[in-house]
6 protein chains.
Amino acid sequence: MSVFHVAEVVDALQEVRQQWRERQRRALEPGGRDLPAREALAEVVETLKGVLFPMRLGPPDLRQESENFYVGHALDAALHALLAQARLELRYKARHAETDHGKIDAHALAAVRAFSARLPAIRSLLDSDVLAAFNGDPAAGSVDEVLLCYPGVLAMIHHRLAHELYRLGLPLLARIISELAHAATGIDIHPGAQIGSAFFIDHGTGVVIGETAIIGERVRVYQAVTLGAKRFPRDAAGNVEKGLPRHPIVEDDVVIYAGATILGRVTLGRGAVIGGNVWLTEDVPAGAHITQAISRHEVRAPAGARGAAATAAPDAIAAGAAR
Amino acid sequence: MSVFHVAEVVDALQEVRQQWRERQRRALEPGGRDLPAREALAEVVETLKGVLFPMRLGPPDLRQESENFYVGHALDAALHALLAQARLELRYKARHAETDHGKIDAHALAAVRAFSARLPAIRSLLDSDVLAAFNGDPAAGSVDEVLLCYPGVLAMIHHRLAHELYRLGLPLLARIISELAHAATGIDIHPGAQIGSAFFIDHGTGVVIGETAIIGERVRVYQAVTLGAKRFPRDAAGNVEKGLPRHPIVEDDVVIYAGATILGRVTLGRGAVIGGNVWLTEDVPAGAHITQAISRHEVRAPAGARGAAATAAPDAIAAGAAR
Amino acid sequence: MSVFHVAEVVDALQEVRQQWRERQRRALEPGGRDLPAREALAEVVETLKGVLFPMRLGPPDLRQESENFYVGHALDAALHALLAQARLELRYKARHAETDHGKIDAHALAAVRAFSARLPAIRSLLDSDVLAAFNGDPAAGSVDEVLLCYPGVLAMIHHRLAHELYRLGLPLLARIISELAHAATGIDIHPGAQIGSAFFIDHGTGVVIGETAIIGERVRVYQAVTLGAKRFPRDAAGNVEKGLPRHPIVEDDVVIYAGATILGRVTLGRGAVIGGNVWLTEDVPAGAHITQAISRHEVRAPAGARGAAATAAPDAIAAGAAR
Amino acid sequence: MSVFHVAEVVDALQEVRQQWRERQRRALEPGGRDLPAREALAEVVETLKGVLFPMRLGPPDLRQESENFYVGHALDAALHALLAQARLELRYKARHAETDHGKIDAHALAAVRAFSARLPAIRSLLDSDVLAAFNGDPAAGSVDEVLLCYPGVLAMIHHRLAHELYRLGLPLLARIISELAHAATGIDIHPGAQIGSAFFIDHGTGVVIGETAIIGERVRVYQAVTLGAKRFPRDAAGNVEKGLPRHPIVEDDVVIYAGATILGRVTLGRGAVIGGNVWLTEDVPAGAHITQAISRHEVRAPAGARGAAATAAPDAIAAGAAR
Amino acid sequence: MSVFHVAEVVDALQEVRQQWRERQRRALEPGGRDLPAREALAEVVETLKGVLFPMRLGPPDLRQESENFYVGHALDAALHALLAQARLELRYKARHAETDHGKIDAHALAAVRAFSARLPAIRSLLDSDVLAAFNGDPAAGSVDEVLLCYPGVLAMIHHRLAHELYRLGLPLLARIISELAHAATGIDIHPGAQIGSAFFIDHGTGVVIGETAIIGERVRVYQAVTLGAKRFPRDAAGNVEKGLPRHPIVEDDVVIYAGATILGRVTLGRGAVIGGNVWLTEDVPAGAHITQAISRHEVRAPAGARGAAATAAPDAIAAGAAR
Amino acid sequence: MSVFHVAEVVDALQEVRQQWRERQRRALEPGGRDLPAREALAEVVETLKGVLFPMRLGPPDLRQESENFYVGHALDAALHALLAQARLELRYKARHAETDHGKIDAHALAAVRAFSARLPAIRSLLDSDVLAAFNGDPAAGSVDEVLLCYPGVLAMIHHRLAHELYRLGLPLLARIISELAHAATGIDIHPGAQIGSAFFIDHGTGVVIGETAIIGERVRVYQAVTLGAKRFPRDAAGNVEKGLPRHPIVEDDVVIYAGATILGRVTLGRGAVIGGNVWLTEDVPAGAHITQAISRHEVRAPAGARGAAATAAPDAIAAGAAR
């Protein structure tokens with residue numbers, strides 16, 4: 001007999017699973033896994049990085065003169081792998097309905113085709129993000145360094161791919177791809193967020209951007225910035241209403257410094273600058289500079305000296321950037 | 001001769017190691033490694049995930065009708081691997097004492113046995129966490145999506161396993177398991193923290209929960225929330241006193257929004273709601289809603305307009321959630 | 001024909017690449033990759049960890065009596081691999097100049113040699129960091145637990161190696177090594193930062209330390225602390241001036257609690273203590289204790305009770321540490 | 001342009017493939033691979049070895065008390081993987097016919113089910129083979145050594161599995177499994193051969209056993225023995241007739257020493273012993289001992305001595321075994 | 001101190017290496033490995049198999065409509081990897097001479113270029129080999145089965161690639177590729193052998209074909225056939241003369257059955273058939289059928305019966321084929 | 001329920017295992033695997049190859065100036081891994097006896113220590129084998145080519161290591177190591193065989209050398225040579241007597257050509273030459289040349305010509321070597 005009473009634990013675990021499945025009204029019919037797989041999508045994204053930037057993120061032994069061969073082969077493989085995952089998501093979504101598998105598969109095919117056609121545009125957008133990072137960070141040595149090193153750029157590669165899938169009706173695939181970037185960078189962008197070109201996230205850890213956020217062009221944000229919801233509107237029955245716009249609109253050329261929190265469907269006007277740690281739940285006019293009004297702190301002097309409360313007028317816009 | 005003077009560097013490194021070992025009063029007798037291994041524990045946890053959720057986190061080719069076979073085999077393997085690590089921790093802890101290896105090994109065996117018996121209860125708790133996330137997040141499409149994607153759920157799987165080991169006298173194994181989740185999610189929960197069922201962490205990056213924190217049922221926290229200590233009490237000799245309760249008690253149904261910091265052995269009463277970025281070092285009565293009293297900021301208008309200091313009464317509870 | 005019109009997408013992607021390369025004035029001559037590789041450096045660092053701490057971070061089957069053999073072999077391999085990457089960085093930097101490859105390679109060799117000679121000193125510094133963590137954290141069970149588990153220690157291993165490379169004229173290699181730690185720990189230390197011995201980062205997620213920061217000995221910082229720049233000075237032409245000192249100087253024995261933000265070339269005097277969430281843009285005298293002057297928040301009482309605005313005098317230094 | 005004129009070679013290779021496909025009348029419609037995969041079958045067999053001999057050929061960390069869990073899980077996985085390959089073979093075979101996929105899949109399922117039911121009998125047969133080797137080889141230290149080391153036993157594991165698949169109408173899967181053993185051992189047994197229990201092949205390199213061979217119980221053969229066909233009978237049209245019995249029948253308790261060649265549908269009677277290097281194309285009565293009639297060789301003496309042709313009457317049965 | 005006296009063994013091994021190097025007159029200057037690597041060539045050949053037969057031996061997820069992309073990318077990678085190995089061989093060969101590295105590299109490049117141009121012709125030849133196996137073996141179910149399963153075909157893929165390299169002045173690379181096939185199949189073909197189209201080796205284990213052998217079209221050989229040298233001619237000084245023709249010439253349509261040994265520069269005339277186990281050191285006229293003249297063996301009857309020496313006139317051509 | 005009735009098959013397999021264990025009188029007590037592992041020994045041998053020939057068979061990035069570091073580290077790791085396997089063999093052998101584990105482990109340690117001390121001598125012997133191959137094969141381009149390519153050399157590396165273990169009382173480890181070479185080369189040398197220096201096996205497939213064979217210096221053998229036993233002597237009780245000398249003695253400078261079979265405790269005198277395919281069961285005087293006395297074969301002329309039986313006096317010594 002097992003020293004660990006394995007058989008008993010196995011039975012007990014089965015019972016808990018049973019309860020869960022009953023509560024979830026899961027069919028108990030035999031069969032294999034029916035959900036998209038994180039590992040499979042991780043590989044798809046890894047391949048698509050090479051498709052988008054063959055000489056930088058593709059296989060190390062690739063040569064420029066043969067880029068197209070590689071891109072073609074890798075793209076074809078990635079799209080077919082993605083198609084398989086898309087089918088899984090769509091079939092899973094339709095699992096309670098009387099649905100025609102043929103229709104679902106046609107939907108999946110159409111979605112992946114449309115996705116494929118968007119890749120050149122995605123590359124263009126990512127080029128603009130890379131340039132924005134290069135221009136926005138005095139410490140950046142070259143555009144290649146930016147592409148290789150910056151977590152913000154990595155997060156945007158994932159986001160721009162995920163957002164396309166979200167738009168095409170594959171929100172679960174999109175979400176998995178976003179969370180892969182979240183795990184790698186600490187940057188959490190919901191795949192629904194709409195983000196214009198030349199977006200730059202510096203440092204990035206702790207950034208959170210919500211599903212209905214709309215971000216213009218040439219916007220810059222620093223670590224720990226939240227573009228969140230203020231509250232979840234509920235309908236008459238008390239249920240959270242889904243899909244309502246509830247996150248900020250950030251117009252072109254806005255800069256948001258580290259730790260700032262912007263909540264609700266407010267609008268930050270074109271060119272506004274939001275100081276570090278600012279907490280905002282209202283609109284900001286174009287061109288305005290917002291800072292914490294008071295940075296009071298109490299100084300207890302060292303032994304023998306006199307403590308004093310001081311109100312420091314903060315220095316205009318305190319960047320909070322560590323470059 | 002080596003271009004890098006390797007032999008000299010080797011000697012110098014040996015000398016530094018020697019100094020360290022002497023200062024640490026390490027025995028210099030030969031032998032192999034005597035500490036638990038991060039990689040081994042990572043594999044144990046990976047297997048236990050499949051044991052707890054076979055059709056979601058187990059091997060991709062598993063089929064429902066054969067779950068128990070897989071669960072039994074994987075569980076047995078994981079428990080024996082865990083036992084080996086438990087022995088290492090206990091022997092290491094007893095390395096300066098005259099201790100009977102037989103006794104230590106019996107202790108390890110008893111601990112892993114008790115751990116094994118707790119797995120069904122852990123699965124139940126995790127089911128409640130998954131449901132809490134599904135119900136708490138309007139963007140969640142299904143409980144399966146929650147299990148696959150949410151970093152908060154991943155952190156709780158690690159925590160609930162680690163906490164059990166912590167309770168059973170294996171704090172180092174517990175800590176390693178917690179840090180594995182910390183690295184993957186940015187969520188740092190000390191394995192000592194006691195957390196009730198249906199706990200939901202949204203976004204999660206930057207959450208820190210201390211060793212003696214006690215959290216009730218159906219509690220929800222958002223990114224960058226700290227449940228920390230205010231100060232470390234010291235005894236007469238000036239040494240930090242260990243093990244004293246020094247982190248918050250959070251009662252049932254409390255919600256803590258993003259960036260809030262709660263420090264010290266304070267109690268947040270049942271159903272309290274703590275607004276984003278609030279800094280708290282005192283008790284909060286049941287049902288209370290705490291918000292930043294003043295969200296002042298200074299607006300410098302664009303050229304030609306008039307600057308104005310505005311005091312914005314923040315909108316009740318600003319969620320800070322990005323969903 | 002491909003269901004995904006792969007050939008057309010390949011052509012469109014080529015065109016976007018072409019545009020990018022033209023805008024970047026890239027030579028279009030054939031050839032392989034010419035940049036340092038993240039994977040290669042990850043392996044170098046992994047090996048160097050074993051070189052520095054053979055019995056803790058080296059191969060699991062290593063035995064103390066044979067440490068030197070391992071250290072010698074692993075060091076030699078790591079240095080040659082590093083040399084290859086160093087050449088890539090230096091050649092890349094010189095790609096637009098008429099440069100003698102021989103000279104570049106000699107430079108690379110000299111740099112790696114100097115790096116190698118610094119390893120014993122780096123090990124000493126890391127020993128002091130480990131001890132500082134052990135002494136600073138009441139929850140730490142042993143120095144070995146600290147080395148195995150603490151993300152702050154991992155970040156410092158990377159930083160101390162990266163900083164050496166930065167000083168030796170290899171900033172890109174240094175940056176890649178730093179970002180590897182950033183991804184694993186959420187701690188973002190620019191390789192240019194100068195950090196004294198016995199530095200301790202607790203929890204760590206969200207810590208950002210800028211390029212020109214100077215940190216003394218025995219300094220302690222907690223999660224989400226930023227040592228950043230206040231603004232980027234620009235020259236007459238409006239270009240950001242590079243390399244100017246723009247981050248804080250932190251003198252010996254300073255403690256900075258969680259979430260504090262220190263911006264600009266300010267000096268925190270020896271022994272100063274900065275409270276949690278403090279926002280600072282000015283000098284602090286030696287020995288001073290800085291706390292948020294006001295921790296006002298508004299309490300809305302539960303139904304039937306009376307709401308009250310309360311001003312809580314915060315408890316001196318609120319640690320924000322979760323231990 | 002590529003230094004290797006890759007594009008031109010690609011075109012030329014396409015043309016050759018085109019010619020081949022036309023000559024083979026292959027449909028040129030797009031699609032993925034449609035043949036069973038050697039790698040997949042290698043994995044199936046690897047798993048089945050563990051299913052048959054869990055404590056010897058299963059995972060190294062398996063424990064006897066949990067064998068059944070492992071066997072159940074591994075068996076289920078292996079059978080589903082085998083089912084997928086069986087479908088591929090049957091669909092491929094039917095590729096030119098108007099065939100109902102449902103029927104094919106039902107056939108595949110039935111075959112794998114029958115295969116599964118035969119596994120206990122296969123294990124019994126293999127046990128008899130192991131014992132035969134142990135008893136037949138004075139050098140064998142234990143039955144476990146035989147199972148671990150003897151190429152003849154490895155070949156029989158493959159053969160007994162492959163033969164079952166061959167019987168069930170899956171000759172291509174069977175053949176691939178046989179060739180995997182051939183590559184590993186140099187023993188080439190056609191999956192069609194019928195082999196009784198307690199079969200022992202010593203050394204084994206170069207053994208060849210044909211498709212219609214029938215071998216009784218307790219038969220022993222040594223390296224380089226061929227049980228082959230003498231000629232291929234042709235029908236009136238001059239085509240080779242398939243499936244006709246054309247290989248030897250070897251009755252119970254026969255021994256065939258190294259290098260002997262037995263060709264055609266001859267019968268070796270019960271208990272016959274065939275000497276090394278004998279070339280046989282006719283029946284042998286039960287109990288007979290066959291040896292090379294003449295082992296003449298010419299001895300050229302060393303310088304100064306006298307050469308002599310000698311006829312050596314060979315020593316009854318020369319074993320040729322190296323044990 | 002090490003329980004195994006490792007340091008002493010290390011010293012003793014160094015001394016033996018030293019002696020070897022001195023005897024071999026090796027330079028003792030530091031440096032890395034300078035020989036082609038078996039692993040690298042194994043990977044090149046693996047890739048080239050996919051280049052030659054993309055839908056059969058290429059990546060499992062390849063689709064016909066994207067073959068050219070894959071072929072182009074894989075070919076480019078394989079040729080550059082081969083070029084690196086070619087440089088190693090040529091530099092190694094020239095290690096004692098005052099040789100210009102530029103010249104050597106140009107030679108390597110030219111050789112690999114020529115090799116590349118030959119690939120379509122090699123594919124054609126291999127197609128003829130596959131067809132020959134399919135036609136020659138009644139048990140073969142399809143040309144695809146032949147390509148997937150037959151060791152003889154695997155050996156010919158390696159040989160036809162290796163022979164090209166041999167011709168292009170890269171005999172060491174060629175030899176390594178041949179030995180990879182030898183290890184996998186037991187078929188040992190020297191890369192120098194010239195082999196016409198539609199060559200079929202059945203079973204194959206133990207086949208040996210020498211360097212100067214010349215084989216015509218549509219030749220068939222069975223297992224354990226040797227086409228060897230009779231003796232090594234020596235020059236006046238007693239040294240073996242290299243490169244002299246010393247292996248058989250086998251004209252078109254010859255069949256050689258299992259175990260036959262043909263030695264020396266003899267010619268087997270067009271259409272000749274050599275019986276199993278025949279030992280031949282002289283020419284054979286076209287169309288002749290050679291068999292062992294006498295297949296005498298002695299039968300010792302079972303107890304009570306009468307022994308009899310029998311001369312069996314062997315049945316014309318005894319195939320020795322096990323199909 | 002499982003489509004494959006897995007549970008029933010699991011039960012049936014358990015029953016068969018049960019029967020086997022009962023027949024084998026196996027204890028049925030729980031526990032893990034107790035036999036040496038093929039994979040572990042494969043890794044040990046792989047490492048020892050690098051220890052013996054660091055710049056040729058060691059890690060590809062090794063450099064000559066750091067050989068000793070590598071050799072020391074790899075040797076230490078390999079010896080400890082071997083020690084673990086040696087313990088397993090000795091404990092397994094003693095499993096029925098009342099044996100002191102301490103004694104067994106001491107035996108294992110002593111054996112591995114003695115093995116370690118023999119490694120320099122083994123390297124010397126292998127150097128002589130490499131030289132013998134280089135001198136004996138006109139096609140060999142360099143000693144390095146021989147070491148990299150020749151299966152005979154690979155077999156001897158395994159043999160010389162295995163023979164040492166055999167001598168030290170670890171026959172099972174020895175046998176596993178021999179069979180690893182057998183699988184890779186088709187050369188089957190029993191680890192008990194005693195083989196002098198400068199031994200050369202050409203081509204090698206099918207060579208079999210028995211346990212009590214004794215081979216002198218500078219001996220050369222070709223493919224398919226057997227040095228076997230003629231019969232197994234039995235004692236009064238009819239049991240095979242183990243350990244009696246039963247294989248040939250081959251004195252210095254003997255050459256044995258392809259396919260020759262030498263059986264029994266005969267002696268081939270110094271300098272004897274045994275022709276291809278010769279079958280020998282008696283002593284051969286020093287310096288003698290043995291050839292097949294008659295190479296008769298029957299030639300059936302092509303249609304219209306006259307058949308003729310010819311007796312070909314074979315050409316002295318027919319080498320059978322394919323070089």
# chains A, B, ... in the order shown; residues from 1 in each chain; ligands from 1
>>> residues_around(residues="stretch 189-192 of chain C", least_positions_apart="3", cutoff="10 Å", atoms="only C-alpha atoms", output="PyMOL selection string")
(chain A and resi 139+203+322-323) or (chain C and resi 155-156+158-167+171-179+181-182+186+195+207-214+226-227)
>>> interface_residues(of="chain B", to="chain F", cutoff="10 Å", atoms="only C-alpha atoms", output="VMD selection string")
chain B and resid 1 to 3 6 to 7 63 to 66 69
>>> atom_distance(atom1="atom CA of D:Arg270", atom2="atom CA of F:Arg23")
27.3 Å
>>> residues_around(residues="stretch 115-126 of chain D", least_positions_apart="4", cutoff="8 Å", atoms="only C-alpha atoms", output="ChimeraX atom specification")
/D:52,79,111,130,153,156-157,160-161,164-165,168,197-198 /F:4,6,9,12-13,16
>>> write_last_selection(atoms="N, CA and C atoms", output="mmCIF file, in the first residue's frame")
data_model
loop_
_atom_site.group_PDB
_atom_site.id
_atom_site.type_symbol
_atom_site.label_atom_id
_atom_site.label_comp_id
_atom_site.auth_asym_id
_atom_site.auth_seq_id
_atom_site.Cartn_x
_atom_site.Cartn_y
_atom_site.Cartn_z
ATOM 1 N N LEU D 52 4.167 -2.494 -20.211
ATOM 2 C CA LEU D 52 4.386 -3.940 -20.086
ATOM 3 C C LEU D 52 5.311 -4.275 -18.918
ATOM 4 N N LEU D 79 -2.583 4.348 -26.364
ATOM 5 C CA LEU D 79 -3.603 3.813 -27.269
ATOM 6 C C LEU D 79 -4.238 4.922 -28.108
ATOM 7 N N ALA D 111 -9.462 -1.997 -34.318
ATOM 8 C CA ALA D 111 -8.130 -2.610 -34.333
ATOM 9 C C ALA D 111 -7.355 -2.267 -33.063
ATOM 10 N N VAL D 130 12.174 -13.823 -22.054
ATOM 11 C CA VAL D 130 13.206 -13.420 -21.108
ATOM 12 C C VAL D 130 13.766 -14.645 -20.383
ATOM 13 N N VAL D 153 15.966 -9.460 -26.817
ATOM 14 C CA VAL D 153 14.723 -9.217 -26.090
ATOM 15 C C VAL D 153 14.069 -7.930 -26.574
ATOM 16 N N MET D 156 12.309 -8.625 -29.694
ATOM 17 C CA MET D 156 11.065 -9.385 -29.525
ATOM 18 C C MET D 156 9.947 -8.521 -28.946
ATOM 19 N N ILE D 157 10.286 -7.556 -28.081
ATOM 20 C CA ILE D 157 9.240 -6.639 -27.609
ATOM 21 C C ILE D 157 8.624 -5.932 -28.819
ATOM 22 N N ARG D 160 6.629 -8.551 -31.058
ATOM 23 C CA ARG D 160 5.345 -9.070 -30.579
ATOM 24 C C ARG D 160 4.265 -7.978 -30.643
ATOM 25 N N LEU D 161 4.668 -6.733 -30.444
ATOM 26 C CA LEU D 161 3.708 -5.641 -30.640
ATOM 27 C C LEU D 161 3.378 -5.462 -32.124
ATOM 28 N N GLU D 164 1.098 -8.114 -33.763
ATOM 29 C CA GLU D 164 -0.323 -7.938 -33.450
ATOM 30 C C GLU D 164 -0.945 -6.909 -34.385
ATOM 31 N N LEU D 165 -0.239 -5.816 -34.608
ATOM 32 C CA LEU D 165 -0.773 -4.783 -35.510
ATOM 33 C C LEU D 165 -0.867 -5.305 -36.943
ATOM 34 N N LEU D 168 -3.853 -7.288 -37.336
ATOM 35 C CA LEU D 168 -5.073 -6.487 -37.254
ATOM 36 C C LEU D 168 -5.241 -5.556 -38.450
ATOM 37 N N SER D 197 6.374 -19.082 -28.158
ATOM 38 C CA SER D 197 6.891 -18.547 -26.901
ATOM 39 C C SER D 197 8.331 -18.985 -26.687
ATOM 40 N N ALA D 198 8.976 -18.347 -25.727
ATOM 41 C CA ALA D 198 10.327 -18.697 -25.295
ATOM 42 C C ALA D 198 11.325 -18.715 -26.449
ATOM 43 N N PHE F 4 -11.236 2.026 -24.630
ATOM 44 C CA PHE F 4 -10.276 0.929 -24.773
ATOM 45 C C PHE F 4 -10.316 -0.049 -23.601
ATOM 46 N N VAL F 6 -9.536 0.333 -20.640
ATOM 47 C CA VAL F 6 -8.212 0.443 -20.033
ATOM 48 C C VAL F 6 -8.180 -0.237 -18.664
ATOM 49 N N VAL F 9 -7.702 -3.935 -18.926
ATOM 50 C CA VAL F 9 -6.356 -4.302 -19.366
ATOM 51 C C VAL F 9 -5.353 -4.079 -18.236
ATOM 52 N N ALA F 12 -5.619 -7.016 -15.964
ATOM 53 C CA ALA F 12 -5.034 -8.216 -16.552
ATOM 54 C C ALA F 12 -3.505 -8.134 -16.555
ATOM 55 N N LEU F 13 -2.985 -6.953 -16.846
ATOM 56 C CA LEU F 13 -1.529 -6.798 -16.829
ATOM 57 C C LEU F 13 -0.992 -6.987 -15.414
ATOM 58 N N VAL F 16 -0.697 -10.685 -14.737
ATOM 59 C CA VAL F 16 0.481 -11.299 -15.370
ATOM 60 C C VAL F 16 1.759 -10.934 -14.603
#
>>> atom_distance(atom1="atom CA of E:Leu88", atom2="atom CA of E:Leu35")
5.7 Å
>>> atom_distance(atom1="atom CA of E:Ile256", atom2="atom CA of E:Ser142")
23.8 Å
>>> residues_around(residues="A:Arg87", least_positions_apart="2", cutoff="10 Å", atoms="only C-alpha atoms", output="list in words")
Asp34, Leu35, Pro36, Leu82, Leu83, Ala84, Gln85, Glu89, Leu90, Arg91, Tyr92, Lys93, His101, Ile104, Asp105, Ala106, His107, Ala108, Leu109 and Leu170 of chain A
>>> write_last_selection(atoms="N, CA, C and O atoms", output="compact mmCIF listing (two decimals), in the first residue's frame")
# COMPACT_ATOMS: atom_id res chain seq x y z
N ASP A 34 -10.48 20.49 -24.50
CA ASP A 34 -11.25 21.22 -25.50
C ASP A 34 -10.99 22.71 -25.43
O ASP A 34 -11.77 23.50 -25.95
N LEU A 35 -9.91 23.12 -24.83
CA LEU A 35 -9.62 24.54 -24.69
C LEU A 35 -8.34 24.90 -25.42
O LEU A 35 -7.46 24.06 -25.55
N PRO A 36 -8.24 26.14 -25.85
CA PRO A 36 -6.95 26.57 -26.40
C PRO A 36 -5.85 26.38 -25.37
O PRO A 36 -6.10 26.40 -24.16
N LEU A 82 -2.37 28.65 -35.37
CA LEU A 82 -3.35 29.59 -34.82
C LEU A 82 -4.77 29.18 -35.20
O LEU A 82 -5.70 29.27 -34.39
N LEU A 83 -4.92 28.71 -36.42
CA LEU A 83 -6.24 28.26 -36.87
C LEU A 83 -6.77 27.14 -35.96
O LEU A 83 -7.95 27.13 -35.58
N ALA A 84 -5.89 26.21 -35.60
CA ALA A 84 -6.33 25.12 -34.73
C ALA A 84 -6.80 25.67 -33.38
O ALA A 84 -7.82 25.24 -32.83
N GLN A 85 -6.08 26.66 -32.86
CA GLN A 85 -6.48 27.25 -31.58
C GLN A 85 -7.77 28.05 -31.73
O GLN A 85 -8.62 28.05 -30.83
N GLU A 89 -11.29 27.70 -29.59
CA GLU A 89 -12.02 28.76 -28.88
C GLU A 89 -13.47 28.84 -29.35
O GLU A 89 -14.39 28.90 -28.53
N LEU A 90 -13.66 28.80 -30.64
CA LEU A 90 -15.02 28.99 -31.15
C LEU A 90 -15.91 27.79 -30.83
O LEU A 90 -17.09 27.94 -30.51
N ARG A 91 -15.35 26.59 -30.91
CA ARG A 91 -16.15 25.42 -30.54
C ARG A 91 -16.49 25.43 -29.05
O ARG A 91 -17.57 25.04 -28.64
N TYR A 92 -15.51 25.86 -28.26
CA TYR A 92 -15.74 25.92 -26.82
C TYR A 92 -16.86 26.91 -26.51
O TYR A 92 -17.76 26.64 -25.72
N LYS A 93 -16.79 28.05 -27.18
CA LYS A 93 -17.81 29.07 -26.93
C LYS A 93 -19.20 28.54 -27.30
O LYS A 93 -20.20 28.87 -26.65
N HIS A 101 -20.38 22.41 -36.83
CA HIS A 101 -18.92 22.52 -36.79
C HIS A 101 -18.37 23.17 -38.05
O HIS A 101 -17.38 23.89 -38.01
N ILE A 104 -18.50 26.88 -37.73
CA ILE A 104 -17.49 27.36 -36.78
C ILE A 104 -16.12 27.38 -37.42
O ILE A 104 -15.37 28.35 -37.33
N ASP A 105 -15.81 26.29 -38.13
CA ASP A 105 -14.49 26.22 -38.73
C ASP A 105 -14.33 27.28 -39.82
O ASP A 105 -13.24 27.85 -40.00
N ALA A 106 -15.41 27.54 -40.52
CA ALA A 106 -15.33 28.59 -41.54
C ALA A 106 -15.09 29.95 -40.88
O ALA A 106 -14.31 30.78 -41.38
N HIS A 107 -15.75 30.17 -39.78
CA HIS A 107 -15.52 31.41 -39.03
C HIS A 107 -14.06 31.51 -38.61
O HIS A 107 -13.41 32.56 -38.77
N ALA A 108 -13.54 30.42 -38.06
CA ALA A 108 -12.14 30.42 -37.62
C ALA A 108 -11.21 30.74 -38.79
O ALA A 108 -10.28 31.55 -38.68
N LEU A 109 -11.47 30.10 -39.92
CA LEU A 109 -10.62 30.31 -41.09
C LEU A 109 -10.66 31.77 -41.53
O LEU A 109 -9.62 32.40 -41.80
N LEU A 170 -11.99 36.60 -31.27
CA LEU A 170 -11.26 35.54 -30.58
C LEU A 170 -10.69 36.08 -29.27
O LEU A 170 -9.46 36.11 -29.06
>>> residues_around(residues="A:Glu67", least_positions_apart="5", cutoff="12 Å", atoms="only C-alpha atoms", output="PyMOL selection string")
(chain A and resi 50-62+72-75) or (chain C and resi 10-11+13-14+17-18+28+30-33) or (chain D and resi 1-2+6-7) or (chain E and resi 69-70+72-74+76-77)
>>> residues_around(residues="B:Ala184", least_positions_apart="4", cutoff="8 Å", atoms="only C-alpha atoms", output="MDAnalysis selection string")
(chainID A and resid 183:184) or (chainID B and resid 151 180) or (chainID C and resid 184)
>>> residues_around(residues="F:Gly264", least_positions_apart="2", cutoff="6 Å", atoms="only C-alpha atoms", output="PyMOL selection string")
chain F and resi 229-230+246-248+266
>>> select_by_dssp(residues="stretch 161-230 of chain F", states="helix (DSSP H, G or I)", output="MDAnalysis selection string")
chainID F and resid 161:167 171:185
>>> select_by_dssp(residues="stretch 120-294 of chain A", states="strand (DSSP E)", output="ChimeraX atom specification")
/A:188-189,194-195,200-201,208-209,214-215,220-221,226-228,249-250,255-256,261-263,267-268,273-274,279-280,289-292
